[in-house]
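Inspection log for the structure reproduced underneath, given as structure tokens.
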Amino acid sequence: MISRIDLRGDALPEGGALRDLLPRAEFDVEAALEKVRPICEDVHHRGDAALVEYAKRFDRVELTHVRVPAEALADALEQLDPAVRAALEESIRRTRIVHRAQRRTSHTTQVVPGGTVTEKWVPVQRVGLYAPGGRSVYPSSVIMNAVPAQEAGVESVALASPPQAEFGGLPHPTILAACALLGVDEVYAAGGAQAVAMFAHGTESCAPANMVTGPGNIWVAAAKRYFTGRIGIDAEAGPTEIAVLADSTADPVHVAADLISQAEHDPMAAAVLVTDSEELASAVEAELKTQVAATKHVDDRIVPALAGRQSAIVLVRDLEDGLKVVDAYGAEHLEIQTADAAALADRVRNAGAIFIGPWAPVSLGDYCAGSNHVLPTGGCACHSSGLSVQSFLRGIHVVDYTRDALAEVTHHVVTLAEAEDLPAHGAALKARFGWKVPESK
């Protein structure tokens, strides 16, 4: 069901050579880019009419309007299962606690007497959020995108989610209910690349956004790449990933269950176990067979994901090598189930989120840990972070110098300008002092 990669022989290679030995899903955004290009341009030129046409072609629904009526949001919340509502409210509460603590305040530094630099933090003005609507419904993704945007102080928040034939062309009602709970009242029945194009260019119904965030399929990722530069994006999200670093103390029942939990997302989902214990590896393999047989989504998602090239059990000589492997892999979600999990977690450099010990499974982070589950995939955790309040803020430096403070440093500025053969830079200062360089004090 799941393959093995044995790295217990010679010393581990470094850098890219090690990464190339590890499992990874194929996710060719560049190839998808050519297919979404005409869709994005069509939305640019035809606006809502194009969105209606693509809803009919891709989602098999006849839309009369793209924006979801306010009464549909209210109805979805009213009809929501009380237990689901309570769970969503608790998820929102915990996520707000964590993200509210991420707010940043302006800070002024006095560089010299009379010379200050202030870094002020300004939220993006308008954000378009995307909530997937394919194999599963993800109200949790609505929370994970909306809460940090709101806590950052974003003035205008809109959300798009694919229209569903089953629900009369509206997005899934649980998505709508989550929006209602969060106070997001601007919602659009649009999916895929066309939804990203709607936010990038604007249409008759939807004003353009400065930024688009949220996970989606390869077409959403390709559209984000297409519009990079016109809009800000969080990431080109690829298939979800879990890596588990475990030793002989780990419970194979827990490890297998956690691998399956991510595999059920998608047939391209990645499930990777890194261990120095062959006994654990064998026990997990046995547990996978038992647990998979008793769950849902087996043939269309879980088995293809576990058997795919993106999933494997990686055997290493010891946990030191295990750390090197998980750092090279840069997992979206990294669980550490070892005797000294917290100490090992402290040494990890590359991961979207780290889950310590047997009582912090990835599923907790997906819903109710308070952390964000919109995380870097495809190894991007070596250079990128998950979604946070910071994602929606821009740092702006404000420079304030008096005449005396400028005079004191003018000779250095002129010297550096002339060293770079940019004399007009220096002249901009000399003009303020009668074209003479003031004497330094």
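By order in the structure tokens, chains are A, B, ...; within a chain, residues start at 1; ligands start at 1, following the order shown.
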DSSP on the backbone: which residues in stretch 232-301 of chain A end up as strand (DSSP E)? Give the answer as number ranges by chain.
A: 232-233, 241-246, 270-275
Generate a file of the selected residues that holds C-alpha atoms, formatted as a PDB file, in the first residue's frame.
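Everything below was put into again_33.pdb:
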ATOM      1  CA  GLY A 232      -0.629  39.662  -3.948  1.00  0.00           C
ATOM      2  CA  ILE A 233      -1.034  35.960  -3.220  1.00  0.00           C
ATOM      3  CA  GLU A 241       1.316  16.833   2.910  1.00  0.00           C
ATOM      4  CA  ILE A 242       1.997  15.205   6.234  1.00  0.00           C
ATOM      5  CA  ALA A 243       5.392  14.003   7.420  1.00  0.00           C
ATOM      6  CA  VAL A 244       5.763  12.125  10.692  1.00  0.00           C
ATOM      7  CA  LEU A 245       9.163  11.834  12.374  1.00  0.00           C
ATOM      8  CA  ALA A 246       8.865   8.927  14.796  1.00  0.00           C
ATOM      9  CA  ALA A 270       1.369  13.029   0.446  1.00  0.00           C
ATOM     10  CA  ALA A 271       1.844  10.887   3.550  1.00  0.00           C
ATOM     11  CA  VAL A 272       5.448  10.338   4.664  1.00  0.00           C
ATOM     12  CA  LEU A 273       6.779   8.532   7.730  1.00  0.00           C
ATOM     13  CA  VAL A 274      10.444   9.070   8.638  1.00  0.00           C
ATOM     14  CA  THR A 275      11.689   6.632  11.277  1.00  0.00           C
TER      15      THR A 275
END
Find the spatial neighbours of A:Arg309, counting only C-alpha atoms, within a cut-off of 8 Å - ignore same-chain residues fewer than 6 positions away - and output them as a PyMOL selection string.
chain A and resi 23-25
Write out the residues from the selection above, keeping C-alpha atoms, as a PDB file, in the first residue's frame.
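Here's the written file part.pdb:
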ATOM      1  CA  PRO A  23       8.803  11.407  -2.324  1.00  0.00           C
ATOM      2  CA  ARG A  24       6.933  14.313  -3.853  1.00  0.00           C
ATOM      3  CA  ALA A  25       3.782  14.685  -5.937  1.00  0.00           C
TER       4      ALA A  25
END
To one decimal in Å, tell me the separation between atom CA of A:His333 and atom CA of A:Thr95.
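Calculated distance between atom CA of A:His333 and atom CA of A:Thr95 is 17.4 Å.
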Quick one: which stretch 197-269 of chain A residues come within 9 Å of stretch 44-66 of chain A, and what is the nearest atom pair for each with the distance in Å to one decimal, counting only C-alpha atoms, rows ordered by chain and ascending number, as a tab-separated table?
residue	atom	partner	partner_atom	distance
A:Ala197	CA	A:His44	CA	6.9
A:Met198	CA	A:Gly47	CA	7.3
A:Ala200	CA	A:His44	CA	8.5
A:His201	CA	A:His44	CA	5.8
A:Gly202	CA	A:Gly47	CA	7.3
A:Thr203	CA	A:Gly47	CA	4.6
A:Glu204	CA	A:Asp48	CA	6.2
A:Ser205	CA	A:Asp48	CA	6.9
A:Cys206	CA	A:Asp48	CA	8.7
Record the distance separating atom CA of A:Thr249 and atom CA of A:Gly352, expressed in Å with one decimal.
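Separating atom CA of A:Thr249 from atom CA of A:Gly352 is a distance of 24.3 Å.
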Contacts of stretch 254-361 of chain A with stretch 6-16 of chain A up to 6 Å, shortest pair per row, only C-alpha atoms, as JSON lines:
{"residue": "A:Val314", "atom": "CA", "partner": "A:Asp6", "partner_atom": "CA", "distance": 5.9}
{"residue": "A:Leu315", "atom": "CA", "partner": "A:Asp6", "partner_atom": "CA", "distance": 4.8}
{"residue": "A:Val316", "atom": "CA", "partner": "A:Arg8", "partner_atom": "CA", "distance": 4.8}
{"residue": "A:Arg317", "atom": "CA", "partner": "A:Arg8", "partner_atom": "CA", "distance": 4.7}
Could you please take those selected residues and save N, CA and C atoms as a compact mmCIF listing (two decimals), in the first residue's frame?
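Output contents, as saved in again_35.txt:
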# COMPACT_ATOMS: atom_id res chain seq x y z
N VAL A 314 10.20 6.30 5.08
CA VAL A 314 11.62 6.55 4.87
C VAL A 314 12.38 6.06 6.11
N LEU A 315 13.23 5.08 5.92
CA LEU A 315 14.01 4.53 7.02
C LEU A 315 15.36 5.24 7.09
N VAL A 316 15.72 5.68 8.30
CA VAL A 316 16.99 6.39 8.52
C VAL A 316 17.77 5.69 9.63
N ARG A 317 19.07 5.99 9.70
CA ARG A 317 19.92 5.34 10.69
C ARG A 317 19.58 5.78 12.11
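Proximity ranking of A:Thr295, A:Ser388, A:Ser140, A:Thr213 relative to A:Leu159 places A:Thr213 first, based on only C-alpha atoms.
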From the list A:Asp346, A:Glu89, A:Asp234, A:Asp42, which residue is nearest A:Tyr130 when using only C-alpha atoms?
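The shortest atom-to-atom distance to A:Tyr130 comes from A:Asp234.
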Shell of 10 Å around A:Ala195, only C-alpha atoms, local chain residues under 6 positions omitted, as a PyMOL selection string
chain A and resi 40+43+51+128-130+159-162+188-189+202+212+220+223
Please save N, CA and C atoms of the selected residues as a PDB file, in the first residue's frame.
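Output saved as part.pdb:
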ATOM      1  N   CYS A  40      -8.704  33.429 -17.765  1.00  0.00           N
ATOM      2  CA  CYS A  40      -8.448  34.668 -17.029  1.00  0.00           C
ATOM      3  C   CYS A  40      -8.689  35.893 -17.904  1.00  0.00           C
ATOM      4  N   VAL A  43     -12.509  36.444 -18.488  1.00  0.00           N
ATOM      5  CA  VAL A  43     -13.162  37.116 -17.358  1.00  0.00           C
ATOM      6  C   VAL A  43     -12.819  38.598 -17.359  1.00  0.00           C
ATOM      7  N   LEU A  51     -18.180  34.494 -16.092  1.00  0.00           N
ATOM      8  CA  LEU A  51     -18.331  33.687 -14.882  1.00  0.00           C
ATOM      9  C   LEU A  51     -19.553  32.785 -14.980  1.00  0.00           C
ATOM     10  N   GLY A 128      -9.536  39.100  -1.557  1.00  0.00           N
ATOM     11  CA  GLY A 128     -10.426  38.053  -2.035  1.00  0.00           C
ATOM     12  C   GLY A 128      -9.981  36.722  -1.470  1.00  0.00           C
ATOM     13  N   LEU A 129     -10.870  36.031  -0.796  1.00  0.00           N
ATOM     14  CA  LEU A 129     -10.568  34.733  -0.198  1.00  0.00           C
ATOM     15  C   LEU A 129     -11.183  33.626  -1.053  1.00  0.00           C
ATOM     16  N   TYR A 130     -10.491  32.484  -1.083  1.00  0.00           N
ATOM     17  CA  TYR A 130     -11.000  31.361  -1.876  1.00  0.00           C
ATOM     18  C   TYR A 130     -11.207  30.156  -0.969  1.00  0.00           C
ATOM     19  N   LEU A 159     -15.360  36.672  -0.457  1.00  0.00           N
ATOM     20  CA  LEU A 159     -15.021  35.254  -0.576  1.00  0.00           C
ATOM     21  C   LEU A 159     -15.685  34.649  -1.795  1.00  0.00           C
ATOM     22  N   ALA A 160     -14.953  33.768  -2.467  1.00  0.00           N
ATOM     23  CA  ALA A 160     -15.500  33.017  -3.592  1.00  0.00           C
ATOM     24  C   ALA A 160     -15.389  31.529  -3.305  1.00  0.00           C
ATOM     25  N   SER A 161     -16.419  30.790  -3.707  1.00  0.00           N
ATOM     26  CA  SER A 161     -16.418  29.340  -3.588  1.00  0.00           C
ATOM     27  C   SER A 161     -17.250  28.786  -4.734  1.00  0.00           C
ATOM     28  N   PRO A 162     -16.889  27.639  -5.280  1.00  0.00           N
ATOM     29  CA  PRO A 162     -17.571  27.144  -6.477  1.00  0.00           C
ATOM     30  C   PRO A 162     -19.065  26.928  -6.274  1.00  0.00           C
ATOM     31  N   TYR A 188     -19.298  35.117  -3.390  1.00  0.00           N
ATOM     32  CA  TYR A 188     -19.544  34.890  -4.819  1.00  0.00           C
ATOM     33  C   TYR A 188     -19.525  33.406  -5.138  1.00  0.00           C
ATOM     34  N   ALA A 189     -20.447  33.008  -6.015  1.00  0.00           N
ATOM     35  CA  ALA A 189     -20.500  31.635  -6.505  1.00  0.00           C
ATOM     36  C   ALA A 189     -19.591  31.541  -7.722  1.00  0.00           C
ATOM     37  N   GLY A 202     -11.745  42.378 -11.343  1.00  0.00           N
ATOM     38  CA  GLY A 202     -13.045  42.934 -11.018  1.00  0.00           C
ATOM     39  C   GLY A 202     -14.040  42.657 -12.142  1.00  0.00           C
ATOM     40  N   VAL A 212      -5.227  37.859  -3.122  1.00  0.00           N
ATOM     41  CA  VAL A 212      -6.076  36.667  -3.113  1.00  0.00           C
ATOM     42  C   VAL A 212      -5.373  35.591  -2.306  1.00  0.00           C
ATOM     43  N   VAL A 220      -6.453  26.903  -9.674  1.00  0.00           N
ATOM     44  CA  VAL A 220      -6.368  28.072  -8.798  1.00  0.00           C
ATOM     45  C   VAL A 220      -4.917  28.492  -8.626  1.00  0.00           C
ATOM     46  N   ALA A 223      -3.717  30.196 -11.784  1.00  0.00           N
ATOM     47  CA  ALA A 223      -4.250  31.552 -11.916  1.00  0.00           C
ATOM     48  C   ALA A 223      -3.534  32.508 -10.977  1.00  0.00           C
TER      49      ALA A 223
END
Going by DSSP on the backbone, which residues of stretch 105-315 of chain A come out as alpha helix (DSSP H)? List them as a ChimeraX atom specification.
/A:139-152,173-182,192-201,218-227,252-263,278-293,303-307
Output file for the selection above: C-alpha atoms, as a short mmCIF file (atom, residue, chain, number, x, y, z; two decimals), in the first residue's frame:
data_model
loop_
_atom_site.label_atom_id
_atom_site.label_comp_id
_atom_site.auth_asym_id
_atom_site.auth_seq_id
_atom_site.Cartn_x
_atom_site.Cartn_y
_atom_site.Cartn_z
CA PRO A 139 -15.69 25.78 6.07
CA SER A 140 -12.49 25.52 8.11
CA SER A 141 -10.63 27.19 5.25
CA VAL A 142 -13.08 30.07 5.40
CA ILE A 143 -12.10 30.55 9.04
CA MET A 144 -8.37 30.21 8.41
CA ASN A 145 -8.45 32.87 5.69
CA ALA A 146 -11.00 35.30 7.09
CA VAL A 147 -9.82 35.51 10.69
CA PRO A 148 -6.23 36.69 10.01
CA ALA A 149 -7.50 39.17 7.40
CA GLN A 150 -10.01 40.58 9.85
CA GLU A 151 -7.52 40.70 12.72
CA ALA A 152 -5.07 42.51 10.43
CA PRO A 173 -24.39 25.87 2.64
CA THR A 174 -21.80 25.13 5.34
CA ILE A 175 -19.42 27.51 3.55
CA LEU A 176 -22.17 30.14 3.54
CA ALA A 177 -22.93 29.53 7.21
CA ALA A 178 -19.27 29.96 8.11
CA CYS A 179 -19.23 33.26 6.23
CA ALA A 180 -22.30 34.39 8.15
CA LEU A 181 -20.68 33.49 11.48
CA LEU A 182 -17.59 35.48 10.52
CA GLY A 192 -11.30 27.80 -10.14
CA ALA A 193 -9.18 30.17 -12.19
CA GLN A 194 -12.22 32.28 -13.05
CA ALA A 195 -12.71 33.19 -9.38
CA VAL A 196 -9.11 34.38 -9.10
CA ALA A 197 -9.56 36.38 -12.32
CA MET A 198 -12.73 37.94 -10.88
CA PHE A 199 -10.77 39.22 -7.89
CA ALA A 200 -7.79 40.28 -9.99
CA HIS A 201 -9.67 42.32 -12.60
CA ILE A 218 -3.96 23.29 -9.69
CA TRP A 219 -6.11 25.69 -11.74
CA VAL A 220 -6.37 28.07 -8.80
CA ALA A 221 -2.61 27.81 -8.27
CA ALA A 222 -1.95 28.51 -11.95
CA ALA A 223 -4.25 31.55 -11.92
CA LYS A 224 -2.43 32.89 -8.88
CA ARG A 225 0.84 32.58 -10.76
CA TYR A 226 -0.69 34.27 -13.80
CA PHE A 227 -1.76 37.29 -11.78
CA PRO A 252 1.71 2.80 15.26
CA VAL A 253 -2.06 3.19 15.63
CA HIS A 254 -1.66 6.96 15.99
CA VAL A 255 0.89 7.24 13.18
CA ALA A 256 -1.19 5.25 10.71
CA ALA A 257 -4.34 7.18 11.57
CA ASP A 258 -2.56 10.49 11.02
CA LEU A 259 -1.13 9.41 7.66
CA ILE A 260 -4.61 8.35 6.54
CA SER A 261 -6.12 11.61 7.75
CA GLN A 262 -4.17 13.55 5.15
CA ALA A 263 -4.46 10.91 2.45
CA GLU A 278 12.05 -0.82 11.26
CA GLU A 279 9.71 -2.40 13.82
CA LEU A 280 7.59 0.76 13.86
CA ALA A 281 7.61 0.89 10.07
CA SER A 282 6.27 -2.65 9.86
CA ALA A 283 3.67 -2.01 12.55
CA VAL A 284 2.46 1.12 10.74
CA GLU A 285 2.19 -0.79 7.46
CA ALA A 286 0.00 -3.37 9.19
CA GLU A 287 -2.11 -0.65 10.81
CA LEU A 288 -2.60 1.11 7.49
CA LYS A 289 -4.16 -2.03 6.01
CA THR A 290 -6.46 -2.44 8.99
CA GLN A 291 -7.53 1.19 9.30
CA VAL A 292 -7.93 1.88 5.59
CA ALA A 293 -10.27 -1.07 5.26
CA VAL A 303 -5.31 4.16 -1.50
CA PRO A 304 -4.11 6.18 -4.51
CA ALA A 305 -2.54 8.73 -2.15
CA LEU A 306 -0.73 6.17 0.00
CA ALA A 307 0.39 4.11 -3.00
#
Restricting to only C-alpha atoms, whichever of A:Pro123, A:Gly114, A:Pro376, A:Pro38 is closest to A:Gln390 is A:Pro123
Would you mind telling me which residue in A:Gly214, A:Pro171, A:Gly191, A:Gly322 lies nearest to A:Asn372 when using only C-alpha atoms?
A:Gly214
What lies within 10 Å of A:Gln125 using only C-alpha atoms, ignoring chain neighbours under 6 positions off, as number ranges by chain?
A: 153-157, 209-211, 392-393
